[in-house]
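Note sheet for the following structure.
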Amino acid sequence: MTGTGNLDAAPYALGRRADFPLLAANPRLHYLDSAATSQKPASVLRAIQHYYETTNANPHRGAYTLSAAATEAYHGARARIATFLGVADADTLLFTRGTTEALNLVATAWGRTNVKAGDRIVVTRLEHHANFVPWQKLAQATGAEFVIAELNTDGTIDMNALESLVTPRTKVLAFGHVSNALGTVNPVADLVAIAKRVGALAVCDGAQGAPHLDVSVDSLGVDAYAFSGHKMLGPMGIGGLVMRRELLEAMPPYQYGGDMIAHVGDQHTTYNVLPYKFEAGTPNVEGPIGLAAACDYLTALGMDRVIRHERALVSLAMERLSAIPGVTVLGPGADRRSGVVSFTLEGVHPHDLSQMLDADGVCVRAGHHCAQPLMRALGVHATTRASFYLYNDVADVDALAASVNTARLRFAGA
């Protein structure tokens with residue numbers, strides 16, 4: 001059955017499928033795993049190729065013209081990415097390999113300096129392991145108390161329970177902007193306000209926020225915001241951490257080596273200014289170049305249109321999947337989530353379901369989605385996750401629903 005249900009946006013992909021070489025070359029592919037990694041538009045691939053063909057040199061290290069051009073391209077990319085993220089002070093945007101490294105940077109460089117025995121660290125039950133395990137390990141290393149804020153039955157944070165956990169002893173409140181497993185969009189402003197009342201560090205995992213929402217990091221009020229480029233149309237191996245300048249300047253470096261030093265003496269070393277203090281070694285120049293091009297693509301579309309498009313598709317997908325006998329859709333309503341739909345099919349393991357969908361050209365993720373504490377709370381070992389993005393359309397929803405129903409019938413007859 002084909003239809004638009006309550007779809008209130010255009011039924012066609014917001015970003016033209018023809019803009020994405022892999023999708024254009026595979027017209028029967030229904031790619032629904034963008035929460036894991038997004039496809040890349042040709043403009044991103046061209047930007048990376050153009051850099052290597054015309055500007056490739058080691059930035060910051062040469063006085064010759066080509067090195068100066070590489071340095072300018074690298075700095076220009078940082079400025080464009082900062083603008084996209086709503087960060088006025090571009091030098092507080094540190095490049096990392098991605099969200100995981102960014103969160104580990106905060107937990108290590110800031111955490112080991114500021115958290116001590118008797119302090120409290122609060123995380124939510126929704127967290128990806130990257131925003132759970134580093135804080136768990138920091139608590140174990142320092143003697144701090146590690147506390148988990150539980151959820152409501154719809155997969156949203158129980159804000160009253162969380163507020164009771166954030167006491168004057170709390171040094172860190174870590175939360176995701178958007179859940180990778182359920183798509184839940186968290187009330188960041190409310191969470192920041194709770195943290196600020198007791199002077200706790202508000203750390204936000206933005207891996208699923210930056211690709212889908214109009215983020216405006218400065219306006220969020222968080223102390224630290226981490227993100228990954230490959231989930232927002234950019235290349236793998238690049239992401240970043242945005243952190244308040246006064247915190248970065250007070251923190252010790254995370255790694256040591258070239259570019260992050262001011263002076264190395266025989267017995268004492270001084271460090272470079274931001275952002276270089278936290279970017280030791282030869283930088284991944286192609287990463288920011290590609291990510292900046294991805295930001296340009298998203299800006300041209302408009303992030304308000306991106307989230308409206310996703311929610312329209314998600315609303316339709318939830319409606320269609322919920323109509324299939326044995327399917328349980330997990331998480332909040334479409335108006336409180338991004339482009340993620342996690343579900344289970346009675347009697348069918350998510351891994352088996354994923355393989356059956358793959359035979360129909362439908363690409364979804366199956367497993368615990370690096371959120372095992374959440375899976376325990378949901379009472380499941382794994383889910384099937386379909387995640388939509390700007391290049392998806394109603395045809396993808398149709399294919400997903402039809403394939404899930406076919407799988408149901410096959411297993412019922414087995």
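To be explicit about the labels: the chains of the structure tokens are called A, B, and onward in the order shown, and within each one the residues are counted from 1, while ligands get numbers from 1 in the order they are shown.
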
| said: When you look at Gly86 of chain A with a cut-off of 8 Å (counting only C-alpha atoms), what residues show up, excluding the ones that are within fewer than 5 positions of it in the same chain? I need them as a PyMOL selection string. | reply: chain A and resi 215-219

| Ala371 of chain A environment, 10 Å, only C-alpha atoms, sequence neighbours closer than 2 positions dropped, as JSON, numbers by chain | {"A": [125, 126, 127, 128, 129, 130, 131, 132, 179, 180, 181, 367, 368, 369, 373, 374, 375, 376, 382]}

| query | What residues in segment 191-309 of chain A get the DSSP label helix (DSSP H, G or I)? Please answer as a PyMOL selection string. | reply | chain A and resi 191-197+217-220+230-232+245-250+276-278+286-301+303-309

| said: What's the separation between atom CA of His351 of chain A and atom CA of Ala366 of chain A, in Å to one decimal place? | reply: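 Computed distance, atom CA of His351 of chain A to atom CA of Ala366 of chain A, equals 5.4 Å.
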
| Can you list, as a VMD selection string, every protein, DNA or RNA residue that comes within 9 Å of Ala35 of chain A when you count only C-alpha atoms, leaving out same-chain residues fewer than 2 positions away? | chain A and resid 32 to 33 37 to 38 180 to 181 207 to 208 231 339 to 340 365 385 to 389

| request: Could you check which of A:Cys370, A:Val123, A:Ala312, A:Leu390 is closest to Tyr297 of chain A, using only C-alpha atoms? | output: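 Residue with the minimum atom-to-atom distance to Tyr297 of chain A: A:Leu390.
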
| note | Using only C-alpha atoms, the best pick from A:Ala161, A:Ala262, A:Ala401, A:Ala57 as closest to Ala69 of chain A would be A:Ala57

| field | Polymer residues at most 9 Å from Thr96 of chain A, only C-alpha atoms, same-chain spacing of 3 or more positions, as an MDAnalysis selection string | value | chainID A and resid 99:102 105 228 237:241 278:279 284

Could you dump the residues just selected with C-alpha atoms as a PDB file, in the first residue's frame?
```
ATOM      1  CA  THR A  99      31.725  12.579  19.297  1.00  0.00           C
ATOM      2  CA  THR A 100      33.359   9.700  21.143  1.00  0.00           C
ATOM      3  CA  GLU A 101      36.775  11.341  21.256  1.00  0.00           C
ATOM      4  CA  ALA A 102      35.221  14.705  22.140  1.00  0.00           C
ATOM      5  CA  LEU A 105      38.412  14.609  26.003  1.00  0.00           C
ATOM      6  CA  SER A 228      30.359  13.889  14.556  1.00  0.00           C
ATOM      7  CA  GLY A 237      37.080  10.667  11.133  1.00  0.00           C
ATOM      8  CA  ILE A 238      36.102  14.274  11.841  1.00  0.00           C
ATOM      9  CA  GLY A 239      33.933  15.817  14.523  1.00  0.00           C
ATOM     10  CA  GLY A 240      34.380  18.262  17.288  1.00  0.00           C
ATOM     11  CA  LEU A 241      33.901  19.621  20.744  1.00  0.00           C
ATOM     12  CA  PHE A 278      43.935  20.518  22.125  1.00  0.00           C
ATOM     13  CA  GLU A 279      44.847  19.550  18.555  1.00  0.00           C
ATOM     14  CA  ASN A 284      43.015  15.888   9.515  1.00  0.00           C
TER      15      ASN A 284
END
```

| request: Name the closest residue to Val178 of chain A among the candidates A:Val147, A:Ala210, A:Val380, A:Ala202; distances are taken between atoms, counting only C-alpha atoms. | output: A:Ala210

| query | Within 10 Å of Gln39 of chain A, counting only C-alpha atoms, which residues qualify if same-chain residues fewer than 2 places away don't, as a list in words? | reply | Asp19, Phe20, Pro21, Leu22, Leu23, Tyr31, Asp33, Ser34, Thr37, Pro41, Ala42, His230, Lys231, Met232, Leu233, Gly234, Pro235, Tyr389 and Tyr391 of chain A

Now that the selection is made, can you save its residues with C-alpha atoms as a tab-separated table (two decimals), in the first residue's frame?
```
chain	number	residue	atom	x	y	z
A	19	ASP	CA	23.00	14.66	-5.20
A	20	PHE	CA	24.23	11.49	-3.48
A	21	PRO	CA	26.35	9.30	-5.78
A	22	LEU	CA	25.85	6.07	-3.85
A	23	LEU	CA	22.07	6.48	-3.80
A	31	TYR	CA	18.98	3.50	3.00
A	33	ASP	CA	20.59	3.79	8.67
A	34	SER	CA	21.57	7.46	8.73
A	37	THR	CA	26.28	7.21	9.22
A	41	PRO	CA	26.55	14.47	-1.37
A	42	ALA	CA	28.74	14.97	-4.41
A	230	HIS	CA	29.90	11.60	9.28
A	231	LYS	CA	26.34	11.69	10.64
A	232	MET	CA	25.71	15.10	9.04
A	233	LEU	CA	26.77	14.38	5.43
A	234	GLY	CA	30.48	14.86	6.14
A	235	PRO	CA	33.36	12.37	6.01
A	389	TYR	CA	17.25	11.70	6.73
A	391	TYR	CA	17.29	12.08	1.15
```

| query | Any idea what the distance is between atom CA of Tyr51 of chain A and atom CA of Glu72 of chain A? | reply | 11.5 Å
